[in-house]
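First the structure, in the form of structure tokens, and then the observations on it.
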Amino acid sequence: MMKQCLECPSNAQGLRESTPQKTFGEGVTAAAILKKIPPLAPTATVATAFQILVDNPEYLAIAVVADKQPVGLIIRHKLIQQFSKPFARDLFGRKPISGFMDCAPPIIDLRVNLDDMARIMMEDGKQAMWDGFILADQGTYAGIGTGYDLMIRLTQLKQEYLFQLAHYDAVTGLPNRLLFKDRINQALEHASRHKAQLAILFIDLDRFKLINDSLGHTSGDCLLQAVGDRWSQALRTTDTITRPGEEGITIARMGGDEFVILLPDIKNDLDAGRVAHRIVETLSKSFIIDQQELFITASIGISLCPTDGNDFETLVKNADAAMYRAKDQGRNRYQFYTAEMNARAMDRLKIETRLRHAIEQDELLLNYQPQIDLQSGRIIGMEALIRWHQPEIGLVSPADFIPLAEETGLIIPIGEWVLRTACRQTRVWQEEGFVAPRIAINVSARQFYMEHLPDQIAQILAETGLNADQIEIELTESVLIKNVDVAINNLHRIKKMGIQISIDDFGTGYSSLAYLKRLPIDILKIDQSFVRDLTNNPADAAIINSIITLAHSLKLRVIAEGVETEAQLKFLKSHGCDEAQGYYFSRPLPVDQIPALLKKSPLLASETSGGSSPNERYSHDAVGNRLTKHTHNGENRLTHSDQLRLPGDHNVSLAEESC
């Protein structure tokens with residue numbers, strides 16, 4: 001298997017010369033069959049040599065060495081036959097071995113290739129293959145070699161060579177169609193047993209024939225080799241390219257300019273799309289072949305198991321069909337076999353690519369939704385909800401980009417942006433003369449388990465001038481139960497700073513008292529899925545009542561989200577729920593409408609810029625964020641406006657909007 005095509009002009013000539021296939025023994029030397037048998041001096045007796053051979057039946061011969069230079073060879077079968085009788089031992093046993101040795105045995109250097117060694121042995125005759133020969137290191141005795149060991153090693157190399165010829169491509173060194181089929185069949189069996197998904201990528205180089213016709217097939221072969229190497233390196237950064245004895249992704253050459261990639265055990269179709277995108281991107285850089293700068297692109301078709309087939313032929317055929325669709329649409333791209341899946345995957349990849357630039361291009365923004373104290377009817381805070389306005393796509397729903405951000409890790413910089421933006425905006429409201437609401441920041445799992453999260457929060461508070469008691473960290477219970485011990489440690493570090501902690505979507509996860517009593521939390525937030533049908537579904541009503549009772553017994557506050565009707569409001573209020581938010585009160589509002597809302601609320605208007613009274617608390621949510629203010633004295637209430645509905649106003653049903 002040749003792998004020496006290098007992408008630089010100085011090596012172009014060498015590339016063409018090194019392309020032919022290696023012979024099966026090339027690179028393996030006589031050292032591979034060396035047996036380090038201690039030699040005898042010429043003065044040693046025949047009896048000594050005889051006894052050594054008797055004691056070591058594996059010795060076929062013993063070298064005779066003088067001053068480290070081999071001078072002869074004692075052949076086992078000859079000496080045993082000649083001196084096995086007591087008469088012969090008595091007669092000749094005391095004589096030196098110099099008179100009984102082969103004085104002209106073959107002496108072969110350790111560095112001789114096994115192919116050449118075999119030729120030397122055959123030219124020397126059968127006797128050397130049977131009797132053995134001396135191996136030397138630049139004339140100095142190194143050990144013994146035998147024809148038996150030579151033939152065993154050559155046979156092994158021949159088998160490896162034949163396997164290589166049968167299963168690997170001679171030009172690129174990648175698996176060929178036969179080995180690729182075997183790998184797919186193994187992956188299909190695994191996928192069937194474990195109900196897993198796999199993908200096949202069928203790749204064709206665009207206009208490769210033009211390179212063969214203009215530069216010749218030798219340069220074409222060098223380009224194929226360089227392309228295979230570049231793909232292997234690109235995939236190896238995060239994946240495993242299958243070589244003999246390895247497992248993982250397999251990239252193979254089917255013939256001509258066609259390649260295939262097996263992606264076993266993928267999570268979803270987007271994984272296949274990402275690999276295909278990476279393959280296309282690797283070809284953006286030129287290749288230097290035979291002192292020529294060459295550019296090449298690829299068209300890729302993708303089929304999935306079990307969606308598009310459950311056997312080798314079907315999956316490859318469908319991936320091939322998808323590849324031709326990619327060519328028809330302009331080349332240098334990839335297509336899924338299923339049109340609907342292709343459109344969905346392309347949309348998701350497009351969103352992921354644009355999301356990576358959303359922060360730096362100032363495309364993210366926060367909206368704010370009031371939260372109401374159900375006993376007094378006062379606004380006690382706001383929830384800030386993240387939005388993404390992409391100029392080319394338009395307004396992208398959080399339901400579309402937040403899970404993708406979680407999956408790709410982009411949620412970490414986005415979460416930091418939300419935290420910093422919400423804190424900065426709160427400080428702006430303070431400077432404009434409004435009482436600052438508490439900021440409750442919804443922290444993702446990836447953010448929460450970052451060791452430096454508390455330090456990051458402290459730094460942002462210092463930058464924006466907010467006190468720690470003006471923010472609240474909001475987590476889902478699924479985040480907390482991933483690693484309860486680590487969660488408790490992190491929460492205590494955050495709590496020690498003076499920050500309040502709430503659990504979002506309570507009731508939809510594990511909801512275990514075992515962890516609930518151990519966590520330093522302040523608020524439980526009832527998920528809107530329970531609120532939505534509480535007037536029609538007795539089970540939801542019972543769950544809400546149980547959560548409220550549980551929270552109060554643990555001295556925790558309760559807030560219900562998703563309140564849309566007066567009936568829901570009356571139920572929550574009558575059962576002791578502390579706070580609520582939802583479209584019954586107000587839709588999420590853009591930041592420029594918040595000052596007008598705050599001016600309508602005597603409670604939120606401060607008489608001095610910045611600061612809050614000792615009896616006020618605030619909150620705000622950050623990747624679905626929240627601002628909140630709690631006041632324990634005073635009876636001021638907000639007046640009704642077209643932006644805000646308070647308890648007691650006439651019911652107006654509002655259509656649900658993604659938050």
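Scheme for the structure tokens: letters A, B, ... for chains in order shown; per-chain residue numbers from 1; ligand numbers from 1 in order shown.
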
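Every residue of range 466-526 of chain A with a DSSP assignment of strand (DSSP E), taken from the backbone, is listed as Ile471, Glu472, Ile473, Glu474, Leu475, Thr476, Gln500, Ile501, Ser502, Ile503, Asp504, Asp505, Phe506, Ile523, Leu524, Lys525 and Ile526 of chain A.
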
Written selection (N, CA and C atoms) as a PDB file, in the first residue's frame:
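Okay, this is what ended up in selection06.pdb:
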ATOM      1  N   ILE A 471     -29.720  39.282  41.107  1.00  0.00           N
ATOM      2  CA  ILE A 471     -29.913  38.270  40.068  1.00  0.00           C
ATOM      3  C   ILE A 471     -30.345  36.953  40.689  1.00  0.00           C
ATOM      4  N   GLU A 472     -30.910  36.124  39.868  1.00  0.00           N
ATOM      5  CA  GLU A 472     -31.411  34.813  40.276  1.00  0.00           C
ATOM      6  C   GLU A 472     -31.037  33.806  39.199  1.00  0.00           C
ATOM      7  N   ILE A 473     -30.469  32.682  39.594  1.00  0.00           N
ATOM      8  CA  ILE A 473     -30.093  31.629  38.645  1.00  0.00           C
ATOM      9  C   ILE A 473     -31.243  30.635  38.545  1.00  0.00           C
ATOM     10  N   GLU A 474     -31.671  30.384  37.322  1.00  0.00           N
ATOM     11  CA  GLU A 474     -32.795  29.469  37.093  1.00  0.00           C
ATOM     12  C   GLU A 474     -32.312  28.248  36.335  1.00  0.00           C
ATOM     13  N   LEU A 475     -32.616  27.075  36.860  1.00  0.00           N
ATOM     14  CA  LEU A 475     -32.165  25.802  36.293  1.00  0.00           C
ATOM     15  C   LEU A 475     -33.341  24.845  36.172  1.00  0.00           C
ATOM     16  N   THR A 476     -33.321  23.993  35.170  1.00  0.00           N
ATOM     17  CA  THR A 476     -34.325  22.931  35.093  1.00  0.00           C
ATOM     18  C   THR A 476     -33.875  21.780  35.984  1.00  0.00           C
ATOM     19  N   GLN A 500     -30.055  34.261  44.397  1.00  0.00           N
ATOM     20  CA  GLN A 500     -31.150  33.320  44.612  1.00  0.00           C
ATOM     21  C   GLN A 500     -31.201  32.299  43.478  1.00  0.00           C
ATOM     22  N   ILE A 501     -31.800  31.143  43.775  1.00  0.00           N
ATOM     23  CA  ILE A 501     -31.819  30.023  42.835  1.00  0.00           C
ATOM     24  C   ILE A 501     -33.240  29.495  42.705  1.00  0.00           C
ATOM     25  N   SER A 502     -33.662  29.256  41.469  1.00  0.00           N
ATOM     26  CA  SER A 502     -34.997  28.703  41.218  1.00  0.00           C
ATOM     27  C   SER A 502     -34.893  27.497  40.299  1.00  0.00           C
ATOM     28  N   ILE A 503     -35.915  26.628  40.387  1.00  0.00           N
ATOM     29  CA  ILE A 503     -36.000  25.456  39.517  1.00  0.00           C
ATOM     30  C   ILE A 503     -37.135  25.676  38.532  1.00  0.00           C
ATOM     31  N   ASP A 504     -36.788  25.671  37.246  1.00  0.00           N
ATOM     32  CA  ASP A 504     -37.754  25.905  36.180  1.00  0.00           C
ATOM     33  C   ASP A 504     -38.400  24.585  35.761  1.00  0.00           C
ATOM     34  N   ASP A 505     -39.599  24.677  35.165  1.00  0.00           N
ATOM     35  CA  ASP A 505     -40.320  23.508  34.621  1.00  0.00           C
ATOM     36  C   ASP A 505     -40.495  22.423  35.670  1.00  0.00           C
ATOM     37  N   PHE A 506     -40.715  22.813  36.902  1.00  0.00           N
ATOM     38  CA  PHE A 506     -40.825  21.809  37.962  1.00  0.00           C
ATOM     39  C   PHE A 506     -42.041  20.914  37.726  1.00  0.00           C
ATOM     40  N   ILE A 523     -37.048  29.066  44.850  1.00  0.00           N
ATOM     41  CA  ILE A 523     -38.296  29.171  44.089  1.00  0.00           C
ATOM     42  C   ILE A 523     -38.514  27.912  43.257  1.00  0.00           C
ATOM     43  N   LEU A 524     -39.775  27.464  43.176  1.00  0.00           N
ATOM     44  CA  LEU A 524     -40.188  26.434  42.223  1.00  0.00           C
ATOM     45  C   LEU A 524     -41.091  27.079  41.185  1.00  0.00           C
ATOM     46  N   LYS A 525     -40.840  26.775  39.924  1.00  0.00           N
ATOM     47  CA  LYS A 525     -41.645  27.333  38.842  1.00  0.00           C
ATOM     48  C   LYS A 525     -42.446  26.207  38.195  1.00  0.00           C
ATOM     49  N   ILE A 526     -43.787  26.299  38.257  1.00  0.00           N
ATOM     50  CA  ILE A 526     -44.659  25.252  37.721  1.00  0.00           C
ATOM     51  C   ILE A 526     -44.686  25.368  36.198  1.00  0.00           C
TER      52      ILE A 526
END

Problem - Exercise: range 456-463 of chain A partners within 9 Å, only C-alpha atoms, chain neighbours under 3 positions left out, as a list of chain:residue names - result: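 Contacts, in chain order: A:Glu416, A:Leu419, A:Arg420, A:Cys423, A:Arg424, A:His452, A:Leu453, A:Leu466, A:Asn467, A:Ala468, A:Ile494, A:Met497.
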
Using only C-alpha atoms, find each residue of range 117-209 of chain A with at least one atom at most 8 Å away from an atom of range 55-67 of chain A; report its shortest atom-to-atom pair and that distance in Å (one decimal), sort the rows by chain and rising residue number, and return the result as CSV.
residue,atom,partner,partner_atom,distance
A:Asp131,CA,A:Ala61,CA,7.0
A:Gly132,CA,A:Ala61,CA,6.5
A:Ile134,CA,A:Ala63,CA,7.0
A:Tyr141,CA,A:Val65,CA,7.3
A:Gly143,CA,A:Ala63,CA,7.8
A:Ile144,CA,A:Ala63,CA,7.3
A:Thr146,CA,A:Leu60,CA,7.5

Keeping N, CA, C and O atoms, export the residues of the selection given above as a PDB file, in the first residue's frame.
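So the final result, stored in result-v6.pdb, reads:
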ATOM      1  N   ASP A 131      20.232 -26.637   5.908  1.00  0.00           N
ATOM      2  CA  ASP A 131      21.232 -26.600   6.972  1.00  0.00           C
ATOM      3  C   ASP A 131      21.187 -25.321   7.799  1.00  0.00           C
ATOM      4  O   ASP A 131      21.566 -25.332   8.972  1.00  0.00           O
ATOM      5  N   GLY A 132      20.805 -24.231   7.180  1.00  0.00           N
ATOM      6  CA  GLY A 132      20.820 -22.951   7.876  1.00  0.00           C
ATOM      7  C   GLY A 132      21.942 -22.075   7.364  1.00  0.00           C
ATOM      8  O   GLY A 132      22.763 -22.491   6.529  1.00  0.00           O
ATOM      9  N   ILE A 134      24.370 -18.155   8.359  1.00  0.00           N
ATOM     10  CA  ILE A 134      24.808 -17.189   9.370  1.00  0.00           C
ATOM     11  C   ILE A 134      24.312 -15.797   8.994  1.00  0.00           C
ATOM     12  O   ILE A 134      24.382 -15.391   7.832  1.00  0.00           O
ATOM     13  N   TYR A 141      29.368 -11.422  13.636  1.00  0.00           N
ATOM     14  CA  TYR A 141      28.345 -12.439  13.864  1.00  0.00           C
ATOM     15  C   TYR A 141      27.175 -11.872  14.672  1.00  0.00           C
ATOM     16  O   TYR A 141      27.354 -11.196  15.682  1.00  0.00           O
ATOM     17  N   GLY A 143      23.811 -13.929  14.573  1.00  0.00           N
ATOM     18  CA  GLY A 143      22.952 -15.052  14.920  1.00  0.00           C
ATOM     19  C   GLY A 143      22.795 -16.002  13.750  1.00  0.00           C
ATOM     20  O   GLY A 143      23.519 -15.931  12.755  1.00  0.00           O
ATOM     21  N   ILE A 144      21.829 -16.896  13.891  1.00  0.00           N
ATOM     22  CA  ILE A 144      21.582 -17.939  12.895  1.00  0.00           C
ATOM     23  C   ILE A 144      20.236 -17.700  12.228  1.00  0.00           C
ATOM     24  O   ILE A 144      19.278 -17.239  12.861  1.00  0.00           O
ATOM     25  N   THR A 146      17.375 -19.772   9.543  1.00  0.00           N
ATOM     26  CA  THR A 146      17.058 -21.095   8.988  1.00  0.00           C
ATOM     27  C   THR A 146      16.107 -20.949   7.821  1.00  0.00           C
ATOM     28  O   THR A 146      15.321 -20.000   7.747  1.00  0.00           O
TER      29      THR A 146
END

Exercise for the section: With a distance cut-off of 12 Å and only C-alpha atoms, select the neighbouring residues of Ala445 in chain A, excluding the residue or stretch itself and same-chain residues fewer than 6 positions from it, and output the selection as JSON, numbers by chain. Expected result: {"A": [403, 405, 406, 407, 409, 411, 412, 415, 451, 453, 474, 475, 476, 477, 478, 479, 480, 481, 482, 483, 486, 487, 490, 623]}

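Here CA of Met117 in chain A and CA of Leu34 in chain A stand 12.6 Å from one another.
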
Exercise for the section: Skip Phe133 in chain A itself and residues of its chain fewer than 4 positions away, then list as a list of chain:residue names all residues within 8 Å of it, counting only C-alpha atoms. Expected result: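 Close residues of Phe133 in chain A: A:Leu73, A:Pro105, A:Pro106, A:Ile107, A:Ile108, A:Ala128, A:Met129, A:Ile144, A:Gly145, A:Thr146.
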
Problem - From A:Leu294, A:Ala191, A:Ala49, A:Val428, residue lying nearest Val227 in chain A [only C-alpha atoms] - result: A:Leu294
